[in-house]
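Below is run-v3.cif, which holds mmCIF, N, CA and C atoms and all ligand atoms.
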data_coords
loop_
_atom_site.label_atom_id
_atom_site.label_comp_id
_atom_site.auth_asym_id
_atom_site.auth_seq_id
_atom_site.Cartn_x
_atom_site.Cartn_y
_atom_site.Cartn_z
N MET A 1 -7.81 -65.03 -12.47
CA MET A 1 -8.78 -64.73 -11.42
C MET A 1 -8.05 -64.21 -10.17
N SER A 2 -8.54 -63.12 -9.59
CA SER A 2 -7.91 -62.56 -8.40
C SER A 2 -8.14 -63.46 -7.19
N ASP A 3 -7.18 -63.47 -6.25
CA ASP A 3 -7.44 -64.20 -5.01
C ASP A 3 -7.95 -63.26 -3.92
N CYS A 4 -8.26 -62.02 -4.29
CA CYS A 4 -8.82 -61.05 -3.34
C CYS A 4 -10.35 -61.15 -3.37
N LEU A 5 -10.94 -61.44 -2.21
CA LEU A 5 -12.39 -61.62 -2.12
C LEU A 5 -13.15 -60.41 -2.68
N PHE A 6 -12.74 -59.20 -2.29
CA PHE A 6 -13.52 -58.03 -2.71
C PHE A 6 -13.27 -57.68 -4.17
N CYS A 7 -12.07 -57.99 -4.71
CA CYS A 7 -11.87 -57.82 -6.16
C CYS A 7 -12.79 -58.78 -6.92
N ARG A 8 -13.00 -59.96 -6.35
CA ARG A 8 -13.89 -60.93 -7.00
C ARG A 8 -15.35 -60.47 -6.92
N ILE A 9 -15.71 -59.80 -5.84
CA ILE A 9 -17.06 -59.22 -5.76
C ILE A 9 -17.22 -58.12 -6.81
N ILE A 10 -16.19 -57.26 -6.94
CA ILE A 10 -16.24 -56.18 -7.95
C ILE A 10 -16.39 -56.78 -9.36
N ALA A 11 -15.66 -57.88 -9.60
CA ALA A 11 -15.70 -58.52 -10.93
C ALA A 11 -17.00 -59.29 -11.16
N GLY A 12 -17.82 -59.43 -10.13
CA GLY A 12 -19.09 -60.16 -10.26
C GLY A 12 -18.92 -61.67 -10.16
N GLU A 13 -17.73 -62.12 -9.74
CA GLU A 13 -17.48 -63.57 -9.63
C GLU A 13 -18.09 -64.14 -8.35
N ILE A 14 -18.28 -63.27 -7.36
CA ILE A 14 -18.93 -63.65 -6.10
C ILE A 14 -20.10 -62.70 -5.91
N PRO A 15 -21.30 -63.22 -5.60
CA PRO A 15 -22.46 -62.34 -5.48
C PRO A 15 -22.39 -61.43 -4.25
N SER A 16 -23.03 -60.27 -4.36
CA SER A 16 -23.13 -59.36 -3.21
C SER A 16 -24.46 -58.63 -3.33
N ALA A 17 -24.93 -58.12 -2.19
CA ALA A 17 -26.16 -57.34 -2.18
C ALA A 17 -25.77 -55.87 -2.33
N LYS A 18 -25.71 -55.42 -3.60
CA LYS A 18 -25.24 -54.06 -3.88
C LYS A 18 -26.24 -53.01 -3.43
N VAL A 19 -25.73 -51.94 -2.83
CA VAL A 19 -26.60 -50.81 -2.47
C VAL A 19 -26.16 -49.53 -3.15
N PHE A 20 -24.94 -49.53 -3.71
CA PHE A 20 -24.41 -48.32 -4.36
C PHE A 20 -23.35 -48.75 -5.38
N GLU A 21 -23.36 -48.10 -6.53
CA GLU A 21 -22.26 -48.33 -7.48
C GLU A 21 -22.09 -47.13 -8.37
N ASN A 22 -20.84 -46.72 -8.58
CA ASN A 22 -20.51 -45.77 -9.65
C ASN A 22 -19.22 -46.26 -10.32
N ASP A 23 -18.56 -45.41 -11.10
CA ASP A 23 -17.38 -45.87 -11.86
C ASP A 23 -16.25 -46.33 -10.94
N HIS A 24 -16.19 -45.79 -9.73
CA HIS A 24 -15.03 -46.01 -8.87
C HIS A 24 -15.31 -46.81 -7.61
N VAL A 25 -16.55 -46.81 -7.16
CA VAL A 25 -16.86 -47.32 -5.81
C VAL A 25 -18.05 -48.28 -5.86
N LEU A 26 -17.95 -49.31 -5.01
CA LEU A 26 -19.07 -50.24 -4.83
C LEU A 26 -19.45 -50.25 -3.35
N GLY A 27 -20.74 -50.24 -3.07
CA GLY A 27 -21.25 -50.39 -1.71
C GLY A 27 -22.16 -51.60 -1.67
N PHE A 28 -22.02 -52.45 -0.66
CA PHE A 28 -22.85 -53.66 -0.57
C PHE A 28 -23.06 -54.03 0.90
N LYS A 29 -24.06 -54.87 1.14
CA LYS A 29 -24.38 -55.25 2.52
C LYS A 29 -23.31 -56.19 3.07
N ASP A 30 -22.92 -55.96 4.33
CA ASP A 30 -22.01 -56.89 4.99
C ASP A 30 -22.75 -58.21 5.23
N LEU A 31 -22.06 -59.31 4.96
CA LEU A 31 -22.66 -60.65 5.08
C LEU A 31 -23.01 -60.98 6.53
N TYR A 32 -22.27 -60.44 7.48
CA TYR A 32 -22.49 -60.72 8.91
C TYR A 32 -22.70 -59.39 9.65
N PRO A 33 -23.90 -58.79 9.49
CA PRO A 33 -24.11 -57.42 9.98
C PRO A 33 -23.92 -57.27 11.48
N GLN A 34 -23.23 -56.21 11.87
CA GLN A 34 -22.98 -55.88 13.28
C GLN A 34 -23.91 -54.77 13.76
N ALA A 35 -24.84 -54.35 12.93
CA ALA A 35 -25.86 -53.35 13.27
C ALA A 35 -27.04 -53.60 12.34
N LYS A 36 -28.17 -52.96 12.63
CA LYS A 36 -29.36 -53.19 11.79
C LYS A 36 -29.05 -52.88 10.33
N GLU A 37 -28.27 -51.82 10.11
CA GLU A 37 -27.78 -51.54 8.75
C GLU A 37 -26.26 -51.57 8.80
N HIS A 38 -25.67 -52.37 7.93
CA HIS A 38 -24.21 -52.53 7.91
C HIS A 38 -23.79 -52.74 6.46
N TYR A 39 -23.11 -51.74 5.91
CA TYR A 39 -22.67 -51.78 4.52
C TYR A 39 -21.16 -51.68 4.46
N LEU A 40 -20.60 -52.16 3.37
CA LEU A 40 -19.17 -52.01 3.11
C LEU A 40 -19.01 -51.19 1.83
N PHE A 41 -18.14 -50.17 1.88
CA PHE A 41 -17.83 -49.37 0.70
C PHE A 41 -16.38 -49.63 0.32
N ILE A 42 -16.19 -50.00 -0.95
CA ILE A 42 -14.83 -50.32 -1.42
C ILE A 42 -14.54 -49.59 -2.72
N HIS A 43 -13.24 -49.28 -2.92
CA HIS A 43 -12.82 -48.69 -4.19
C HIS A 43 -12.58 -49.81 -5.19
N LYS A 44 -12.87 -49.54 -6.46
CA LYS A 44 -12.68 -50.58 -7.47
C LYS A 44 -11.21 -50.84 -7.77
N SER A 45 -10.32 -49.91 -7.37
CA SER A 45 -8.87 -50.14 -7.49
C SER A 45 -8.40 -50.78 -6.19
N HIS A 46 -7.73 -51.91 -6.32
CA HIS A 46 -7.30 -52.64 -5.12
C HIS A 46 -6.23 -51.87 -4.34
N SER A 47 -6.42 -51.82 -3.01
CA SER A 47 -5.35 -51.41 -2.09
C SER A 47 -5.58 -52.24 -0.83
N LYS A 48 -4.53 -52.39 -0.01
CA LYS A 48 -4.65 -53.29 1.14
C LYS A 48 -5.35 -52.66 2.34
N ASN A 49 -5.05 -51.40 2.58
CA ASN A 49 -5.68 -50.72 3.71
C ASN A 49 -5.70 -49.22 3.46
N VAL A 50 -6.35 -48.50 4.36
CA VAL A 50 -6.60 -47.08 4.13
C VAL A 50 -5.29 -46.29 3.94
N ASN A 51 -4.22 -46.71 4.58
CA ASN A 51 -2.96 -45.99 4.45
C ASN A 51 -2.34 -46.12 3.06
N GLU A 52 -2.84 -47.07 2.26
CA GLU A 52 -2.34 -47.24 0.89
C GLU A 52 -3.15 -46.44 -0.11
N MET A 53 -4.24 -45.83 0.33
CA MET A 53 -5.08 -45.11 -0.62
C MET A 53 -4.54 -43.71 -0.87
N ASP A 54 -4.71 -43.21 -2.09
CA ASP A 54 -4.31 -41.83 -2.36
C ASP A 54 -5.52 -40.92 -2.15
N SER A 55 -5.28 -39.62 -2.25
CA SER A 55 -6.33 -38.66 -1.91
C SER A 55 -7.52 -38.75 -2.87
N THR A 56 -7.25 -39.10 -4.12
CA THR A 56 -8.35 -39.24 -5.08
C THR A 56 -9.25 -40.42 -4.70
N GLN A 57 -8.61 -41.53 -4.33
CA GLN A 57 -9.40 -42.71 -3.94
C GLN A 57 -10.20 -42.43 -2.68
N LEU A 58 -9.57 -41.75 -1.71
CA LEU A 58 -10.29 -41.41 -0.48
C LEU A 58 -11.47 -40.50 -0.78
N SER A 59 -11.26 -39.56 -1.67
CA SER A 59 -12.34 -38.65 -2.05
C SER A 59 -13.47 -39.42 -2.73
N ASP A 60 -13.12 -40.34 -3.60
CA ASP A 60 -14.14 -41.18 -4.28
C ASP A 60 -14.99 -41.91 -3.23
N ILE A 61 -14.31 -42.52 -2.25
CA ILE A 61 -15.01 -43.30 -1.23
C ILE A 61 -15.94 -42.41 -0.40
N PHE A 62 -15.40 -41.29 0.11
CA PHE A 62 -16.22 -40.48 1.01
C PHE A 62 -17.32 -39.73 0.26
N SER A 63 -17.09 -39.43 -1.02
CA SER A 63 -18.18 -38.84 -1.83
C SER A 63 -19.30 -39.86 -2.00
N ALA A 64 -18.92 -41.12 -2.19
CA ALA A 64 -19.93 -42.18 -2.37
C ALA A 64 -20.71 -42.38 -1.08
N ILE A 65 -20.01 -42.43 0.05
CA ILE A 65 -20.69 -42.61 1.33
C ILE A 65 -21.62 -41.43 1.60
N LYS A 66 -21.15 -40.24 1.27
CA LYS A 66 -21.99 -39.04 1.45
C LYS A 66 -23.26 -39.13 0.60
N GLU A 67 -23.08 -39.46 -0.68
CA GLU A 67 -24.25 -39.56 -1.58
C GLU A 67 -25.22 -40.63 -1.07
N PHE A 68 -24.68 -41.79 -0.69
CA PHE A 68 -25.54 -42.89 -0.24
C PHE A 68 -26.30 -42.52 1.03
N THR A 69 -25.60 -41.98 2.02
CA THR A 69 -26.24 -41.71 3.31
C THR A 69 -27.21 -40.53 3.22
N GLN A 70 -27.00 -39.64 2.23
CA GLN A 70 -27.93 -38.52 2.07
C GLN A 70 -29.22 -38.95 1.39
N ASN A 71 -29.18 -40.11 0.72
CA ASN A 71 -30.35 -40.56 -0.03
C ASN A 71 -31.22 -41.55 0.73
N ASN A 72 -30.96 -41.71 2.03
CA ASN A 72 -31.85 -42.53 2.85
C ASN A 72 -31.85 -41.93 4.26
N ASP A 73 -32.37 -42.70 5.23
CA ASP A 73 -32.50 -42.15 6.58
C ASP A 73 -31.18 -42.08 7.35
N LEU A 74 -30.12 -42.63 6.80
CA LEU A 74 -28.88 -42.73 7.57
C LEU A 74 -28.35 -41.37 7.99
N GLU A 75 -28.33 -40.39 7.09
CA GLU A 75 -27.76 -39.10 7.47
C GLU A 75 -28.56 -38.46 8.60
N GLU A 76 -29.87 -38.47 8.46
CA GLU A 76 -30.70 -37.80 9.46
C GLU A 76 -30.57 -38.47 10.83
N ASN A 77 -30.60 -39.79 10.86
CA ASN A 77 -30.55 -40.50 12.14
C ASN A 77 -29.13 -40.70 12.66
N GLY A 78 -28.17 -40.64 11.77
CA GLY A 78 -26.77 -40.80 12.15
C GLY A 78 -26.21 -42.16 11.79
N PHE A 79 -24.93 -42.19 11.61
CA PHE A 79 -24.26 -43.44 11.22
C PHE A 79 -22.80 -43.35 11.62
N ARG A 80 -22.09 -44.47 11.46
CA ARG A 80 -20.67 -44.55 11.81
C ARG A 80 -19.89 -45.12 10.63
N VAL A 81 -18.69 -44.57 10.40
CA VAL A 81 -17.79 -45.10 9.36
C VAL A 81 -16.52 -45.60 10.05
N VAL A 82 -16.15 -46.86 9.74
CA VAL A 82 -14.97 -47.47 10.38
C VAL A 82 -14.16 -48.19 9.31
N SER A 83 -12.82 -48.07 9.40
CA SER A 83 -11.95 -48.88 8.54
C SER A 83 -10.89 -49.55 9.42
N ASN A 84 -10.95 -50.87 9.52
CA ASN A 84 -10.00 -51.62 10.34
C ASN A 84 -8.71 -51.82 9.56
N VAL A 85 -7.56 -51.67 10.26
CA VAL A 85 -6.26 -51.80 9.60
C VAL A 85 -5.40 -52.84 10.33
N ASN A 86 -4.99 -53.85 9.58
CA ASN A 86 -4.04 -54.86 10.05
C ASN A 86 -4.49 -55.57 11.33
N LYS A 87 -3.53 -56.21 12.01
CA LYS A 87 -3.86 -57.16 13.08
C LYS A 87 -4.59 -56.51 14.26
N HIS A 88 -4.00 -55.49 14.85
CA HIS A 88 -4.63 -54.88 16.02
C HIS A 88 -5.95 -54.20 15.67
N GLY A 89 -6.08 -53.78 14.44
CA GLY A 89 -7.34 -53.16 14.01
C GLY A 89 -8.42 -54.19 13.73
N GLY A 90 -8.03 -55.46 13.65
CA GLY A 90 -9.02 -56.51 13.41
C GLY A 90 -9.38 -56.68 11.95
N GLN A 91 -8.47 -56.27 11.05
CA GLN A 91 -8.77 -56.41 9.62
C GLN A 91 -8.68 -57.88 9.21
N THR A 92 -9.73 -58.36 8.52
CA THR A 92 -9.74 -59.76 8.07
C THR A 92 -9.74 -59.87 6.54
N VAL A 93 -10.19 -58.83 5.85
CA VAL A 93 -10.17 -58.82 4.38
C VAL A 93 -9.23 -57.70 3.96
N PHE A 94 -8.21 -58.06 3.17
CA PHE A 94 -7.15 -57.10 2.88
C PHE A 94 -7.34 -56.40 1.54
N HIS A 95 -8.54 -55.94 1.32
CA HIS A 95 -8.90 -54.97 0.28
C HIS A 95 -9.59 -53.86 1.07
N THR A 96 -9.01 -52.66 1.04
CA THR A 96 -9.52 -51.57 1.89
C THR A 96 -11.04 -51.48 1.81
N HIS A 97 -11.66 -51.41 2.98
CA HIS A 97 -13.12 -51.25 3.00
C HIS A 97 -13.50 -50.37 4.18
N PHE A 98 -14.62 -49.69 4.01
CA PHE A 98 -15.16 -48.78 5.02
C PHE A 98 -16.51 -49.33 5.45
N HIS A 99 -16.61 -49.69 6.73
CA HIS A 99 -17.88 -50.14 7.28
C HIS A 99 -18.76 -48.92 7.50
N VAL A 100 -19.99 -48.97 7.03
CA VAL A 100 -20.99 -47.93 7.32
C VAL A 100 -22.08 -48.59 8.14
N LEU A 101 -22.19 -48.16 9.39
CA LEU A 101 -23.09 -48.80 10.35
C LEU A 101 -24.16 -47.82 10.81
N GLY A 102 -25.39 -48.31 10.96
CA GLY A 102 -26.46 -47.44 11.44
C GLY A 102 -27.75 -48.21 11.55
N GLY A 103 -28.86 -47.47 11.49
CA GLY A 103 -30.17 -48.10 11.57
C GLY A 103 -30.64 -48.33 12.99
N GLU A 104 -29.80 -48.01 13.96
CA GLU A 104 -30.15 -48.16 15.38
C GLU A 104 -29.13 -47.34 16.18
N GLN A 105 -29.42 -47.18 17.51
CA GLN A 105 -28.46 -46.48 18.37
C GLN A 105 -27.21 -47.34 18.54
N LEU A 106 -26.06 -46.84 18.15
CA LEU A 106 -24.80 -47.57 18.32
C LEU A 106 -24.19 -47.22 19.66
N LYS A 107 -23.46 -48.19 20.24
CA LYS A 107 -22.80 -47.94 21.51
C LYS A 107 -21.70 -46.91 21.33
N HIS A 108 -21.58 -46.01 22.30
CA HIS A 108 -20.49 -45.03 22.26
C HIS A 108 -19.18 -45.73 22.58
N PHE A 109 -18.10 -45.37 21.89
CA PHE A 109 -16.79 -45.93 22.22
C PHE A 109 -16.48 -45.63 23.68
N GLY A 110 -15.99 -46.62 24.41
CA GLY A 110 -15.51 -46.40 25.77
C GLY A 110 -16.61 -46.41 26.81
N SER A 111 -17.86 -46.67 26.40
CA SER A 111 -18.91 -46.71 27.41
C SER A 111 -19.52 -48.10 27.48
P1 LIG A 201 -12.83 -56.50 8.48
O1 LIG A 201 -12.95 -57.53 9.56
O2 LIG A 201 -12.81 -55.09 8.95
O3 LIG A 201 -11.68 -56.83 7.54
O4 LIG A 201 -14.17 -56.59 7.65
C1 LIG A 201 -14.44 -57.59 6.72
C2 LIG A 201 -15.94 -57.66 6.61
O5 LIG A 201 -16.27 -58.37 5.44
C3 LIG A 201 -16.60 -58.39 7.79
O6 LIG A 201 -17.50 -57.49 8.44
C4 LIG A 201 -17.34 -59.56 7.11
O7 LIG A 201 -18.58 -59.82 7.70
C5 LIG A 201 -17.47 -59.06 5.68
N1 LIG A 201 -17.56 -60.09 4.64
C6 LIG A 201 -16.79 -61.18 4.50
N2 LIG A 201 -17.13 -61.86 3.38
C7 LIG A 201 -18.15 -61.16 2.80
C8 LIG A 201 -18.94 -61.31 1.63
N3 LIG A 201 -18.75 -62.35 0.79
N4 LIG A 201 -19.91 -60.41 1.36
C9 LIG A 201 -20.11 -59.36 2.20
N5 LIG A 201 -19.39 -59.15 3.31
C10 LIG A 201 -18.43 -60.02 3.62
ZN ZN A 202 -8.90 -56.50 -3.98
#

The structure given in the file should be rewritten as structure tokens.
Amino acid sequence: MSDCLFCRIIAGEIPSAKVFENDHVLGFKDLYPQAKEHYLFIHKSHSKNVNEMDSTQLSDIFSAIKEFTQNNDLEENGFRVVSNVNKHGGQTVFHTHFHVLGGEQLKHFGS
């Protein structure tokens, strides 16, 4: 059994509220949402952070986010994609993940 929380979610050992799945990528609701809509997109191949991903994995992730956001109101109204890296970035789960936030007006950075 993996000790990685998100690998365990991928394996179905820990429940998640799935919103997207294909052969390579899983999207699910964040347990502690920071916006009206807050999803996490992860690659099924484990990596620690975005700098460890190769171009194929990055393409898989952003294709999935594109497909998902085009199939609901997120694209039209707008959304934000964030990936926190290591300590200063505030990363708490060390399986690369991309936060997709939307469903309301988000605060502009620096304002
Ligand atoms: P980060 O702080 O960028 O590493 O993001 C980790 C995210 O995972 C946080 O937004 C948490 O709310 C979220 N999270 C932690 N455990 C779970 C879980 N079991 N299911 C869904 N989201 C989770
Ligand atoms: Zn993992």

I'd like the contact shell of Lys48 (chain A) - 6.5 Å cut-off, only N, CA and C atoms, skipping same-chain residues fewer than 6 positions apart - returned as an MDAnalysis selection string.
chainID A and resid 94:97

Residues within 9 Å of ligand LIG 201 (chain A), counting only C-alpha atoms and all ligand atoms: report them as a VMD selection string.
chain A and resid 5 to 6 9 14 to 17 28 to 34 38 to 40 82 to 86 89 to 99

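CA of His88 (chain A) sits 28.4 Å away from CA of Leu74 (chain A).
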
Counting only C-alpha atoms and all ligand atoms, the residue of A:Cys7, A:Met53, A:Val100, A:Val25 that sits nearest ligand ZN 202 (chain A):
A:Cys7

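Distance annotation: of A:Ser2, A:Asn51, A:Gln57, A:Asn72, the residue with the minimal separation from ligand ZN 202 (chain A) is A:Ser2; atom set is only N, CA and C atoms and all ligand atoms.
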
Could you please write out, as a VMD selection string, every residue of region 4-75 of chain A that DSSP assigns to strand (DSSP E)?
chain A and resid 18 to 21 25 to 29 37 to 43

CA of Leu101 (chain A) to CA of Ser59 (chain A) measures 19.3 Å

Would you fill out region 38-58 of chain A with N, CA, C and O atoms and return it as a PDB file, in the frame of the given file?
ATOM      1  N   HIS A  38     -25.670 -52.370   7.930  1.00  0.00           N
ATOM      2  CA  HIS A  38     -24.210 -52.530   7.910  1.00  0.00           C
ATOM      3  C   HIS A  38     -23.790 -52.740   6.460  1.00  0.00           C
ATOM      4  O   HIS A  38     -24.096 -53.769   5.862  1.00  0.00           O
ATOM      5  N   TYR A  39     -23.110 -51.740   5.910  1.00  0.00           N
ATOM      6  CA  TYR A  39     -22.670 -51.780   4.520  1.00  0.00           C
ATOM      7  C   TYR A  39     -21.160 -51.680   4.460  1.00  0.00           C
ATOM      8  O   TYR A  39     -20.509 -51.140   5.360  1.00  0.00           O
ATOM      9  N   LEU A  40     -20.600 -52.160   3.370  1.00  0.00           N
ATOM     10  CA  LEU A  40     -19.170 -52.010   3.110  1.00  0.00           C
ATOM     11  C   LEU A  40     -19.010 -51.190   1.830  1.00  0.00           C
ATOM     12  O   LEU A  40     -19.667 -51.474   0.817  1.00  0.00           O
ATOM     13  N   PHE A  41     -18.140 -50.170   1.880  1.00  0.00           N
ATOM     14  CA  PHE A  41     -17.830 -49.370   0.700  1.00  0.00           C
ATOM     15  C   PHE A  41     -16.380 -49.630   0.320  1.00  0.00           C
ATOM     16  O   PHE A  41     -15.477 -49.525   1.163  1.00  0.00           O
ATOM     17  N   ILE A  42     -16.190 -50.000  -0.950  1.00  0.00           N
ATOM     18  CA  ILE A  42     -14.830 -50.320  -1.420  1.00  0.00           C
ATOM     19  C   ILE A  42     -14.540 -49.590  -2.720  1.00  0.00           C
ATOM     20  O   ILE A  42     -15.436 -49.313  -3.521  1.00  0.00           O
ATOM     21  N   HIS A  43     -13.240 -49.280  -2.920  1.00  0.00           N
ATOM     22  CA  HIS A  43     -12.820 -48.690  -4.190  1.00  0.00           C
ATOM     23  C   HIS A  43     -12.580 -49.810  -5.190  1.00  0.00           C
ATOM     24  O   HIS A  43     -12.142 -50.907  -4.807  1.00  0.00           O
ATOM     25  N   LYS A  44     -12.870 -49.540  -6.460  1.00  0.00           N
ATOM     26  CA  LYS A  44     -12.680 -50.580  -7.470  1.00  0.00           C
ATOM     27  C   LYS A  44     -11.210 -50.840  -7.770  1.00  0.00           C
ATOM     28  O   LYS A  44     -10.878 -51.864  -8.370  1.00  0.00           O
ATOM     29  N   SER A  45     -10.320 -49.910  -7.370  1.00  0.00           N
ATOM     30  CA  SER A  45      -8.870 -50.140  -7.490  1.00  0.00           C
ATOM     31  C   SER A  45      -8.400 -50.780  -6.190  1.00  0.00           C
ATOM     32  O   SER A  45      -8.617 -50.223  -5.119  1.00  0.00           O
ATOM     33  N   HIS A  46      -7.730 -51.910  -6.320  1.00  0.00           N
ATOM     34  CA  HIS A  46      -7.300 -52.640  -5.120  1.00  0.00           C
ATOM     35  C   HIS A  46      -6.230 -51.870  -4.340  1.00  0.00           C
ATOM     36  O   HIS A  46      -5.281 -51.348  -4.904  1.00  0.00           O
ATOM     37  N   SER A  47      -6.420 -51.820  -3.010  1.00  0.00           N
ATOM     38  CA  SER A  47      -5.350 -51.410  -2.090  1.00  0.00           C
ATOM     39  C   SER A  47      -5.580 -52.240  -0.830  1.00  0.00           C
ATOM     40  O   SER A  47      -6.690 -52.735  -0.610  1.00  0.00           O
ATOM     41  N   LYS A  48      -4.530 -52.390  -0.010  1.00  0.00           N
ATOM     42  CA  LYS A  48      -4.650 -53.290   1.140  1.00  0.00           C
ATOM     43  C   LYS A  48      -5.350 -52.660   2.340  1.00  0.00           C
ATOM     44  O   LYS A  48      -6.066 -53.305   3.081  1.00  0.00           O
ATOM     45  N   ASN A  49      -5.050 -51.400   2.580  1.00  0.00           N
ATOM     46  CA  ASN A  49      -5.680 -50.720   3.710  1.00  0.00           C
ATOM     47  C   ASN A  49      -5.700 -49.220   3.460  1.00  0.00           C
ATOM     48  O   ASN A  49      -5.128 -48.735   2.475  1.00  0.00           O
ATOM     49  N   VAL A  50      -6.350 -48.500   4.360  1.00  0.00           N
ATOM     50  CA  VAL A  50      -6.600 -47.080   4.130  1.00  0.00           C
ATOM     51  C   VAL A  50      -5.290 -46.290   3.940  1.00  0.00           C
ATOM     52  O   VAL A  50      -5.255 -45.315   3.172  1.00  0.00           O
ATOM     53  N   ASN A  51      -4.220 -46.710   4.580  1.00  0.00           N
ATOM     54  CA  ASN A  51      -2.960 -45.990   4.450  1.00  0.00           C
ATOM     55  C   ASN A  51      -2.340 -46.120   3.060  1.00  0.00           C
ATOM     56  O   ASN A  51      -1.439 -45.372   2.703  1.00  0.00           O
ATOM     57  N   GLU A  52      -2.840 -47.070   2.260  1.00  0.00           N
ATOM     58  CA  GLU A  52      -2.340 -47.240   0.890  1.00  0.00           C
ATOM     59  C   GLU A  52      -3.150 -46.440  -0.110  1.00  0.00           C
ATOM     60  O   GLU A  52      -2.815 -46.408  -1.294  1.00  0.00           O
ATOM     61  N   MET A  53      -4.240 -45.830   0.330  1.00  0.00           N
ATOM     62  CA  MET A  53      -5.080 -45.110  -0.620  1.00  0.00           C
ATOM     63  C   MET A  53      -4.540 -43.710  -0.870  1.00  0.00           C
ATOM     64  O   MET A  53      -3.985 -43.080   0.048  1.00  0.00           O
ATOM     65  N   ASP A  54      -4.710 -43.210  -2.090  1.00  0.00           N
ATOM     66  CA  ASP A  54      -4.310 -41.830  -2.360  1.00  0.00           C
ATOM     67  C   ASP A  54      -5.520 -40.920  -2.150  1.00  0.00           C
ATOM     68  O   ASP A  54      -6.646 -41.374  -1.908  1.00  0.00           O
ATOM     69  N   SER A  55      -5.280 -39.620  -2.250  1.00  0.00           N
ATOM     70  CA  SER A  55      -6.330 -38.660  -1.910  1.00  0.00           C
ATOM     71  C   SER A  55      -7.520 -38.750  -2.870  1.00  0.00           C
ATOM     72  O   SER A  55      -8.668 -38.529  -2.476  1.00  0.00           O
ATOM     73  N   THR A  56      -7.250 -39.100  -4.120  1.00  0.00           N
ATOM     74  CA  THR A  56      -8.350 -39.240  -5.080  1.00  0.00           C
ATOM     75  C   THR A  56      -9.250 -40.420  -4.700  1.00  0.00           C
ATOM     76  O   THR A  56     -10.480 -40.311  -4.715  1.00  0.00           O
ATOM     77  N   GLN A  57      -8.610 -41.530  -4.330  1.00  0.00           N
ATOM     78  CA  GLN A  57      -9.400 -42.710  -3.940  1.00  0.00           C
ATOM     79  C   GLN A  57     -10.200 -42.430  -2.680  1.00  0.00           C
ATOM     80  O   GLN A  57     -11.372 -42.819  -2.578  1.00  0.00           O
ATOM     81  N   LEU A  58      -9.570 -41.750  -1.710  1.00  0.00           N
ATOM     82  CA  LEU A  58     -10.290 -41.410  -0.480  1.00  0.00           C
ATOM     83  C   LEU A  58     -11.470 -40.500  -0.780  1.00  0.00           C
ATOM     84  O   LEU A  58     -12.566 -40.662  -0.218  1.00  0.00           O
TER      85      LEU A  58
END
